[in-house]
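This report refers to the structure that appears directly beneath it.
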Amino acid sequence: MSKPGIIELSEVDVTQRMMEALSNVCIRSVLFAVRERSKDAAEVARELNLSASTVYKSFATLEYLALAEVDRFDISPEGKKIKMYRSRIGKVEITIDGHEPVLNIYPNTSNPKQKSG
């Protein structure tokens with residue numbers, strides 16, 4: 001078997017990182033929390049009963065892997081910019097093909113500009 005090239009190694013690395021992130025219950029819960037509509041980190045933390053730092057770290061991981069994005073910015077009553085996050089994926093399937101995992105990611109088809117409420 002030949003040694004993987006840099007592109008192949010990069011794809012394996014990204015796939016592995018995505019699978020690791022999605023296997024983490026906190027990260028997965030945060031991602032699911034913003035699947036239907038955009039929310040800020042504080043709202044997600046309250047809904048999931050998680051610390052704000054856990055939610056912010058989860059969003060950082062999800063953004064790095066392009067699984068979530070900042071959909072828009074809202075302004076707080078104090079005038080601060082608030083990031084409103086949204087899942088970029090609607091469905092994920094992990095299968096095994098031979099000895100390698102295969103990650104199939106499907107886009108989030110919910111309304112991306114729906115206001116939080």
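In the structure tokens, each chain is lettered A, B, ... as it comes, each chain's residues begin at 1, and ligands are numbered from 1 in order of appearance.
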
Name the residues of segment 6-55 of chain A that come out as helix (DSSP H, G or I) in a backbone DSSP run; write them as an mmCIF file with all heavy atoms, in the first residue's frame.
```
data_model
loop_
_atom_site.group_PDB
_atom_site.id
_atom_site.type_symbol
_atom_site.label_atom_id
_atom_site.label_comp_id
_atom_site.auth_asym_id
_atom_site.auth_seq_id
_atom_site.Cartn_x
_atom_site.Cartn_y
_atom_site.Cartn_z
ATOM 1 N N ILE A 6 -0.114 14.367 0.463
ATOM 2 C CA ILE A 6 -0.507 15.408 1.405
ATOM 3 C C ILE A 6 -2.000 15.722 1.328
ATOM 4 O O ILE A 6 -2.635 15.956 2.344
ATOM 5 C CB ILE A 6 0.350 16.682 1.215
ATOM 6 C CG1 ILE A 6 0.103 17.646 2.368
ATOM 7 C CG2 ILE A 6 0.052 17.357 -0.098
ATOM 8 C CD1 ILE A 6 1.279 18.466 2.723
ATOM 9 N N ILE A 7 -2.579 15.698 0.131
ATOM 10 C CA ILE A 7 -4.013 15.982 -0.009
ATOM 11 C C ILE A 7 -4.809 14.875 0.659
ATOM 12 O O ILE A 7 -5.736 15.140 1.412
ATOM 13 C CB ILE A 7 -4.401 16.113 -1.493
ATOM 14 C CG1 ILE A 7 -3.573 17.188 -2.153
ATOM 15 C CG2 ILE A 7 -5.892 16.319 -1.651
ATOM 16 C CD1 ILE A 7 -4.210 18.502 -2.400
ATOM 17 N N GLU A 8 -4.465 13.633 0.388
ATOM 18 C CA GLU A 8 -5.181 12.500 0.988
ATOM 19 C C GLU A 8 -5.044 12.528 2.508
ATOM 20 O O GLU A 8 -6.009 12.312 3.218
ATOM 21 C CB GLU A 8 -4.653 11.179 0.444
ATOM 22 C CG GLU A 8 -4.936 10.974 -1.023
ATOM 23 C CD GLU A 8 -4.161 9.809 -1.586
ATOM 24 O OE1 GLU A 8 -2.965 9.684 -1.300
ATOM 25 O OE2 GLU A 8 -4.772 9.022 -2.324
ATOM 26 N N LEU A 9 -3.852 12.793 2.999
ATOM 27 C CA LEU A 9 -3.626 12.841 4.433
ATOM 28 C C LEU A 9 -4.465 13.956 5.059
ATOM 29 O O LEU A 9 -5.071 13.765 6.101
ATOM 30 C CB LEU A 9 -2.139 13.066 4.729
ATOM 31 C CG LEU A 9 -1.706 12.947 6.171
ATOM 32 C CD1 LEU A 9 -2.064 11.574 6.719
ATOM 33 C CD2 LEU A 9 -0.226 13.186 6.297
ATOM 34 N N SER A 10 -4.532 15.088 4.377
ATOM 35 C CA SER A 10 -5.326 16.204 4.872
ATOM 36 C C SER A 10 -6.802 15.826 4.958
ATOM 37 O O SER A 10 -7.467 16.137 5.934
ATOM 38 C CB SER A 10 -5.137 17.416 3.957
ATOM 39 O OG SER A 10 -5.960 18.468 4.354
ATOM 40 N N GLU A 11 -7.338 15.155 3.926
ATOM 41 C CA GLU A 11 -8.743 14.747 3.930
ATOM 42 C C GLU A 11 -9.022 13.767 5.056
ATOM 43 O O GLU A 11 -10.042 13.861 5.728
ATOM 44 C CB GLU A 11 -9.120 14.124 2.585
ATOM 45 C CG GLU A 11 -9.196 15.143 1.468
ATOM 46 C CD GLU A 11 -9.411 14.513 0.110
ATOM 47 O OE1 GLU A 11 -9.628 13.291 0.041
ATOM 48 O OE2 GLU A 11 -9.351 15.259 -0.873
ATOM 49 N N VAL A 12 -8.111 12.813 5.283
ATOM 50 C CA VAL A 12 -8.276 11.841 6.366
ATOM 51 C C VAL A 12 -8.266 12.566 7.699
ATOM 52 O O VAL A 12 -9.078 12.294 8.575
ATOM 53 C CB VAL A 12 -7.179 10.755 6.309
ATOM 54 C CG1 VAL A 12 -7.174 9.911 7.562
ATOM 55 C CG2 VAL A 12 -7.364 9.882 5.079
ATOM 56 N N ASP A 13 -7.354 13.511 7.857
ATOM 57 C CA ASP A 13 -7.243 14.265 9.098
ATOM 58 C C ASP A 13 -8.531 15.041 9.386
ATOM 59 O O ASP A 13 -9.032 15.022 10.500
ATOM 60 C CB ASP A 13 -6.049 15.218 9.016
ATOM 61 C CG ASP A 13 -5.800 15.945 10.318
ATOM 62 O OD1 ASP A 13 -5.783 15.284 11.381
ATOM 63 O OD2 ASP A 13 -5.623 17.177 10.281
ATOM 64 N N VAL A 14 -9.082 15.713 8.388
ATOM 65 C CA VAL A 14 -10.310 16.482 8.571
ATOM 66 C C VAL A 14 -11.467 15.551 8.894
ATOM 67 O O VAL A 14 -12.257 15.816 9.806
ATOM 68 C CB VAL A 14 -10.616 17.343 7.322
ATOM 69 C CG1 VAL A 14 -12.004 17.930 7.390
ATOM 70 C CG2 VAL A 14 -9.585 18.441 7.184
ATOM 71 N N THR A 15 -11.572 14.449 8.176
ATOM 72 C CA THR A 15 -12.637 13.471 8.445
ATOM 73 C C THR A 15 -12.521 12.946 9.867
ATOM 74 O O THR A 15 -13.512 12.872 10.587
ATOM 75 C CB THR A 15 -12.581 12.304 7.434
ATOM 76 O OG1 THR A 15 -12.786 12.830 6.128
ATOM 77 C CG2 THR A 15 -13.637 11.259 7.728
ATOM 78 N N GLN A 16 -11.322 12.612 10.272
ATOM 79 C CA GLN A 16 -11.099 12.104 11.627
ATOM 80 C C GLN A 16 -11.476 13.149 12.673
ATOM 81 O O GLN A 16 -12.143 12.847 13.658
ATOM 82 C CB GLN A 16 -9.639 11.682 11.809
ATOM 83 C CG GLN A 16 -9.341 11.084 13.160
ATOM 84 C CD GLN A 16 -10.080 9.788 13.413
ATOM 85 O OE1 GLN A 16 -10.287 8.988 12.511
ATOM 86 N NE2 GLN A 16 -10.503 9.580 14.638
ATOM 87 N N ARG A 17 -11.082 14.385 12.446
ATOM 88 C CA ARG A 17 -11.413 15.464 13.393
ATOM 89 C C ARG A 17 -12.918 15.692 13.475
ATOM 90 O O ARG A 17 -13.462 15.935 14.549
ATOM 91 C CB ARG A 17 -10.711 16.750 13.011
ATOM 92 C CG ARG A 17 -9.240 16.727 13.316
ATOM 93 C CD ARG A 17 -8.583 18.006 12.895
ATOM 94 N NE ARG A 17 -7.155 17.900 13.054
ATOM 95 C CZ ARG A 17 -6.384 18.897 13.451
ATOM 96 N NH1 ARG A 17 -6.911 20.071 13.716
ATOM 97 N NH2 ARG A 17 -5.106 18.731 13.570
ATOM 98 N N MET A 18 -13.600 15.616 12.322
ATOM 99 C CA MET A 18 -15.056 15.780 12.327
ATOM 100 C C MET A 18 -15.724 14.652 13.096
ATOM 101 O O MET A 18 -16.631 14.887 13.890
ATOM 102 C CB MET A 18 -15.596 15.835 10.899
ATOM 103 C CG MET A 18 -15.344 17.125 10.205
ATOM 104 S SD MET A 18 -16.085 17.099 8.560
ATOM 105 C CE MET A 18 -15.780 18.760 8.036
ATOM 106 N N MET A 19 -15.267 13.417 12.874
ATOM 107 C CA MET A 19 -15.859 12.284 13.586
ATOM 108 C C MET A 19 -15.608 12.388 15.084
ATOM 109 O O MET A 19 -16.494 12.099 15.887
ATOM 110 C CB MET A 19 -15.337 10.957 13.015
ATOM 111 C CG MET A 19 -15.932 10.658 11.664
ATOM 112 S SD MET A 19 -15.604 8.996 11.043
ATOM 113 C CE MET A 19 -13.842 8.981 10.958
ATOM 114 N N GLU A 20 -14.419 12.810 15.471
ATOM 115 C CA GLU A 20 -14.114 12.990 16.889
ATOM 116 C C GLU A 20 -15.008 14.069 17.500
ATOM 117 O O GLU A 20 -15.542 13.892 18.595
ATOM 118 C CB GLU A 20 -12.642 13.356 17.075
ATOM 119 C CG GLU A 20 -11.702 12.197 16.831
ATOM 120 C CD GLU A 20 -10.243 12.612 16.830
ATOM 121 O OE1 GLU A 20 -9.934 13.798 17.093
ATOM 122 O OE2 GLU A 20 -9.401 11.741 16.536
ATOM 123 N N ALA A 21 -15.170 15.183 16.790
ATOM 124 C CA ALA A 21 -16.017 16.266 17.303
ATOM 125 C C ALA A 21 -17.456 15.797 17.440
ATOM 126 O O ALA A 21 -18.104 16.043 18.464
ATOM 127 C CB ALA A 21 -15.935 17.483 16.384
ATOM 128 N N LEU A 22 -17.967 15.110 16.435
ATOM 129 C CA LEU A 22 -19.359 14.666 16.458
ATOM 130 C C LEU A 22 -19.608 13.553 17.464
ATOM 131 O O LEU A 22 -20.750 13.322 17.860
ATOM 132 C CB LEU A 22 -19.795 14.237 15.054
ATOM 133 C CG LEU A 22 -19.860 15.378 14.043
ATOM 134 C CD1 LEU A 22 -20.020 14.836 12.639
ATOM 135 C CD2 LEU A 22 -20.964 16.352 14.397
ATOM 136 N N SER A 23 -18.555 12.879 17.898
ATOM 137 C CA SER A 23 -18.721 11.845 18.923
ATOM 138 C C SER A 23 -18.736 12.439 20.334
ATOM 139 O O SER A 23 -19.120 11.777 21.284
ATOM 140 C CB SER A 23 -17.627 10.780 18.808
ATOM 141 O OG SER A 23 -16.376 11.320 19.159
ATOM 142 N N VAL A 25 -20.365 14.415 23.140
ATOM 143 C CA VAL A 25 -21.775 14.707 23.442
ATOM 144 C C VAL A 25 -22.051 16.207 23.587
ATOM 145 O O VAL A 25 -23.091 16.696 23.141
ATOM 146 C CB VAL A 25 -22.253 13.912 24.669
ATOM 147 C CG1 VAL A 25 -21.615 14.406 25.951
ATOM 148 C CG2 VAL A 25 -23.761 13.938 24.779
ATOM 149 N N CYS A 26 -21.140 16.965 24.154
ATOM 150 C CA CYS A 26 -21.356 18.415 24.306
ATOM 151 C C CYS A 26 -21.341 19.111 22.947
ATOM 152 O O CYS A 26 -22.231 19.915 22.645
ATOM 153 C CB CYS A 26 -20.293 19.023 25.212
ATOM 154 S SG CYS A 26 -20.505 18.593 26.941
ATOM 155 N N ILE A 27 -20.344 18.809 22.138
ATOM 156 C CA ILE A 27 -20.244 19.439 20.819
ATOM 157 C C ILE A 27 -21.455 19.075 19.969
ATOM 158 O O ILE A 27 -22.052 19.932 19.315
ATOM 159 C CB ILE A 27 -18.925 19.039 20.123
ATOM 160 C CG1 ILE A 27 -17.738 19.659 20.877
ATOM 161 C CG2 ILE A 27 -18.935 19.455 18.655
ATOM 162 C CD1 ILE A 27 -16.380 19.219 20.377
ATOM 163 N N ARG A 28 -21.833 17.815 20.001
ATOM 164 C CA ARG A 28 -22.991 17.358 19.224
ATOM 165 C C ARG A 28 -24.268 18.051 19.697
ATOM 166 O O ARG A 28 -25.083 18.510 18.897
ATOM 167 C CB ARG A 28 -23.108 15.844 19.321
ATOM 168 C CG ARG A 28 -24.040 15.228 18.326
ATOM 169 C CD ARG A 28 -23.981 13.707 18.327
ATOM 170 N NE ARG A 28 -24.264 13.130 19.621
ATOM 171 C CZ ARG A 28 -23.397 12.408 20.344
ATOM 172 N NH1 ARG A 28 -22.182 12.176 19.909
ATOM 173 N NH2 ARG A 28 -23.755 11.912 21.506
ATOM 174 N N SER A 29 -24.439 18.185 21.005
ATOM 175 C CA SER A 29 -25.619 18.846 21.558
ATOM 176 C C SER A 29 -25.676 20.314 21.148
ATOM 177 O O SER A 29 -26.739 20.833 20.803
ATOM 178 C CB SER A 29 -25.629 18.739 23.080
ATOM 179 O OG SER A 29 -25.735 17.398 23.472
ATOM 180 N N VAL A 30 -24.545 20.979 21.176
ATOM 181 C CA VAL A 30 -24.482 22.381 20.761
ATOM 182 C C VAL A 30 -24.842 22.495 19.275
ATOM 183 O O VAL A 30 -25.627 23.366 18.885
ATOM 184 C CB VAL A 30 -23.080 22.974 21.060
ATOM 185 C CG1 VAL A 30 -22.894 24.322 20.372
ATOM 186 C CG2 VAL A 30 -22.876 23.100 22.569
ATOM 187 N N LEU A 31 -24.328 21.608 18.458
ATOM 188 C CA LEU A 31 -24.640 21.628 17.033
ATOM 189 C C LEU A 31 -26.129 21.410 16.790
ATOM 190 O O LEU A 31 -26.754 22.129 16.011
ATOM 191 C CB LEU A 31 -23.818 20.570 16.298
ATOM 192 C CG LEU A 31 -23.995 20.524 14.781
ATOM 193 C CD1 LEU A 31 -23.522 21.818 14.139
ATOM 194 C CD2 LEU A 31 -23.234 19.336 14.215
ATOM 195 N N PHE A 32 -26.714 20.426 17.469
ATOM 196 C CA PHE A 32 -28.146 20.158 17.312
ATOM 197 C C PHE A 32 -28.991 21.342 17.788
ATOM 198 O O PHE A 32 -30.063 21.593 17.245
ATOM 199 C CB PHE A 32 -28.556 18.913 18.099
ATOM 200 C CG PHE A 32 -28.041 17.622 17.528
ATOM 201 C CD1 PHE A 32 -28.009 16.488 18.319
ATOM 202 C CD2 PHE A 32 -27.586 17.510 16.225
ATOM 203 C CE1 PHE A 32 -27.551 15.279 17.824
ATOM 204 C CE2 PHE A 32 -27.123 16.313 15.714
ATOM 205 C CZ PHE A 32 -27.101 15.185 16.516
ATOM 206 N N ALA A 33 -28.512 22.068 18.785
ATOM 207 C CA ALA A 33 -29.271 23.192 19.343
ATOM 208 C C ALA A 33 -29.447 24.330 18.342
ATOM 209 O O ALA A 33 -30.381 25.122 18.464
ATOM 210 C CB ALA A 33 -28.594 23.714 20.608
ATOM 211 N N ALA A 41 -24.558 31.979 21.996
ATOM 212 C CA ALA A 41 -23.964 31.005 22.917
ATOM 213 C C ALA A 41 -24.653 31.002 24.274
ATOM 214 O O ALA A 41 -24.827 29.944 24.882
ATOM 215 C CB ALA A 41 -22.473 31.281 23.069
ATOM 216 N N ALA A 42 -25.062 32.164 24.754
ATOM 217 C CA ALA A 42 -25.720 32.234 26.066
ATOM 218 C C ALA A 42 -27.048 31.475 26.059
ATOM 219 O O ALA A 42 -27.366 30.754 27.011
ATOM 220 C CB ALA A 42 -25.944 33.690 26.469
ATOM 221 N N GLU A 43 -27.826 31.616 24.990
ATOM 222 C CA GLU A 43 -29.097 30.899 24.890
ATOM 223 C C GLU A 43 -28.867 29.387 24.848
ATOM 224 O O GLU A 43 -29.557 28.627 25.518
ATOM 225 C CB GLU A 43 -29.859 31.348 23.638
ATOM 226 C CG GLU A 43 -31.212 30.680 23.475
ATOM 227 C CD GLU A 43 -31.975 31.140 22.248
ATOM 228 O OE1 GLU A 43 -31.498 31.998 21.494
ATOM 229 O OE2 GLU A 43 -33.092 30.613 22.047
ATOM 230 N N VAL A 44 -27.877 28.961 24.076
ATOM 231 C CA VAL A 44 -27.556 27.530 23.994
ATOM 232 C C VAL A 44 -27.101 27.012 25.352
ATOM 233 O O VAL A 44 -27.520 25.938 25.785
ATOM 234 C CB VAL A 44 -26.494 27.263 22.899
ATOM 235 C CG1 VAL A 44 -26.018 25.823 22.928
ATOM 236 C CG2 VAL A 44 -27.052 27.626 21.525
ATOM 237 N N ALA A 45 -26.276 27.773 26.042
ATOM 238 C CA ALA A 45 -25.796 27.366 27.375
ATOM 239 C C ALA A 45 -26.964 27.178 28.341
ATOM 240 O O ALA A 45 -27.010 26.188 29.087
ATOM 241 C CB ALA A 45 -24.809 28.397 27.915
ATOM 242 N N ARG A 46 -27.912 28.105 28.314
ATOM 243 C CA ARG A 46 -29.090 27.983 29.188
ATOM 244 C C ARG A 46 -29.931 26.761 28.810
ATOM 245 O O ARG A 46 -30.334 25.997 29.675
ATOM 246 C CB ARG A 46 -29.959 29.247 29.105
ATOM 247 C CG ARG A 46 -29.443 30.424 29.881
ATOM 248 C CD ARG A 46 -30.458 31.564 29.954
ATOM 249 N NE ARG A 46 -30.944 31.988 28.649
ATOM 250 C CZ ARG A 46 -30.346 32.902 27.863
ATOM 251 N NH1 ARG A 46 -29.225 33.474 28.272
ATOM 252 N NH2 ARG A 46 -30.876 33.239 26.704
ATOM 253 N N GLU A 47 -30.197 26.595 27.527
ATOM 254 C CA GLU A 47 -31.019 25.468 27.066
ATOM 255 C C GLU A 47 -30.424 24.114 27.443
ATOM 256 O O GLU A 47 -31.145 23.195 27.814
ATOM 257 C CB GLU A 47 -31.173 25.504 25.542
ATOM 258 C CG GLU A 47 -32.152 26.497 25.032
ATOM 259 C CD GLU A 47 -32.252 26.462 23.510
ATOM 260 O OE1 GLU A 47 -31.699 25.549 22.863
ATOM 261 O OE2 GLU A 47 -32.899 27.372 22.966
ATOM 262 N N LEU A 48 -29.116 24.003 27.302
ATOM 263 C CA LEU A 48 -28.449 22.712 27.514
ATOM 264 C C LEU A 48 -27.886 22.548 28.922
ATOM 265 O O LEU A 48 -27.332 21.504 29.245
ATOM 266 C CB LEU A 48 -27.329 22.534 26.484
ATOM 267 C CG LEU A 48 -27.758 22.549 25.017
ATOM 268 C CD1 LEU A 48 -26.537 22.449 24.122
ATOM 269 C CD2 LEU A 48 -28.753 21.432 24.730
ATOM 270 N N ALA A 52 -20.929 28.496 29.842
ATOM 271 C CA ALA A 52 -20.692 29.328 28.658
ATOM 272 C C ALA A 52 -19.372 28.956 27.999
ATOM 273 O O ALA A 52 -19.279 28.897 26.770
ATOM 274 C CB ALA A 52 -20.708 30.802 29.042
ATOM 275 N N SER A 53 -18.347 28.664 28.797
ATOM 276 C CA SER A 53 -17.044 28.322 28.212
ATOM 277 C C SER A 53 -17.118 27.023 27.401
ATOM 278 O O SER A 53 -16.497 26.925 26.339
ATOM 279 C CB SER A 53 -15.955 28.233 29.281
ATOM 280 O OG SER A 53 -16.212 27.178 30.184
ATOM 281 N N THR A 54 -17.898 26.048 27.868
ATOM 282 C CA THR A 54 -18.058 24.802 27.118
ATOM 283 C C THR A 54 -18.742 25.075 25.782
ATOM 284 O O THR A 54 -18.331 24.548 24.743
ATOM 285 C CB THR A 54 -18.874 23.776 27.931
ATOM 286 O OG1 THR A 54 -18.136 23.443 29.107
ATOM 287 C CG2 THR A 54 -19.171 22.526 27.136
ATOM 288 N N VAL A 55 -19.758 25.916 25.796
ATOM 289 C CA VAL A 55 -20.483 26.243 24.560
ATOM 290 C C VAL A 55 -19.573 27.016 23.606
ATOM 291 O O VAL A 55 -19.523 26.711 22.416
ATOM 292 C CB VAL A 55 -21.779 27.009 24.877
ATOM 293 C CG1 VAL A 55 -22.437 27.508 23.596
ATOM 294 C CG2 VAL A 55 -22.736 26.128 25.662
#
```

For Met84 of chain A, the closest of A:Val34, A:Val70, A:Val102, A:Leu62 counting only C-alpha atoms is A:Val70

Select from segment 38-111 of chain A everything DSSP, run on the backbone, classes as strand (DSSP E or B), then give the selection as number ranges by chain.
A: 39, 68-75, 81-87, 89-97, 100-107

Residue selection dump (C-alpha atoms) as an mmCIF file, in the first residue's frame:
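Output file part04.cif is given in full below:
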```cif
data_model
loop_
_atom_site.group_PDB
_atom_site.id
_atom_site.type_symbol
_atom_site.label_atom_id
_atom_site.label_comp_id
_atom_site.auth_asym_id
_atom_site.auth_seq_id
_atom_site.Cartn_x
_atom_site.Cartn_y
_atom_site.Cartn_z
ATOM 1 C CA LYS A 39 -28.963 31.199 18.559
ATOM 2 C CA ALA A 68 -21.406 25.606 12.157
ATOM 3 C CA GLU A 69 -21.179 29.245 11.187
ATOM 4 C CA VAL A 70 -21.978 32.695 12.440
ATOM 5 C CA ASP A 71 -25.263 33.328 10.661
ATOM 6 C CA ARG A 72 -25.518 36.965 11.665
ATOM 7 C CA PHE A 73 -24.743 39.456 14.425
ATOM 8 C CA ASP A 74 -27.380 40.846 16.757
ATOM 9 C CA ILE A 75 -26.888 43.843 19.025
ATOM 10 C CA LYS A 81 -22.292 42.526 19.045
ATOM 11 C CA ILE A 82 -23.665 39.030 19.661
ATOM 12 C CA LYS A 83 -22.773 36.169 17.344
ATOM 13 C CA MET A 84 -25.773 34.130 16.241
ATOM 14 C CA TYR A 85 -24.658 30.611 15.350
ATOM 15 C CA ARG A 86 -26.292 28.149 12.988
ATOM 16 C CA SER A 87 -25.541 24.553 12.034
ATOM 17 C CA ILE A 89 -25.270 20.458 8.496
ATOM 18 C CA GLY A 90 -28.627 18.777 8.778
ATOM 19 C CA LYS A 91 -27.588 15.144 8.788
ATOM 20 C CA VAL A 92 -24.418 13.069 9.171
ATOM 21 C CA GLU A 93 -23.788 9.425 8.358
ATOM 22 C CA ILE A 94 -20.665 7.541 9.333
ATOM 23 C CA THR A 95 -20.138 4.201 7.626
ATOM 24 C CA ILE A 96 -17.273 1.767 7.310
ATOM 25 C CA ASP A 97 -16.005 0.920 3.826
ATOM 26 C CA GLU A 100 -11.799 3.102 6.510
ATOM 27 C CA PRO A 101 -14.620 5.244 7.900
ATOM 28 C CA VAL A 102 -16.669 7.231 5.412
ATOM 29 C CA LEU A 103 -18.268 10.465 6.552
ATOM 30 C CA ASN A 104 -21.292 11.713 4.595
ATOM 31 C CA ILE A 105 -22.430 15.210 5.513
ATOM 32 C CA TYR A 106 -25.704 16.688 4.275
ATOM 33 C CA PRO A 107 -26.443 20.424 4.317
#
```
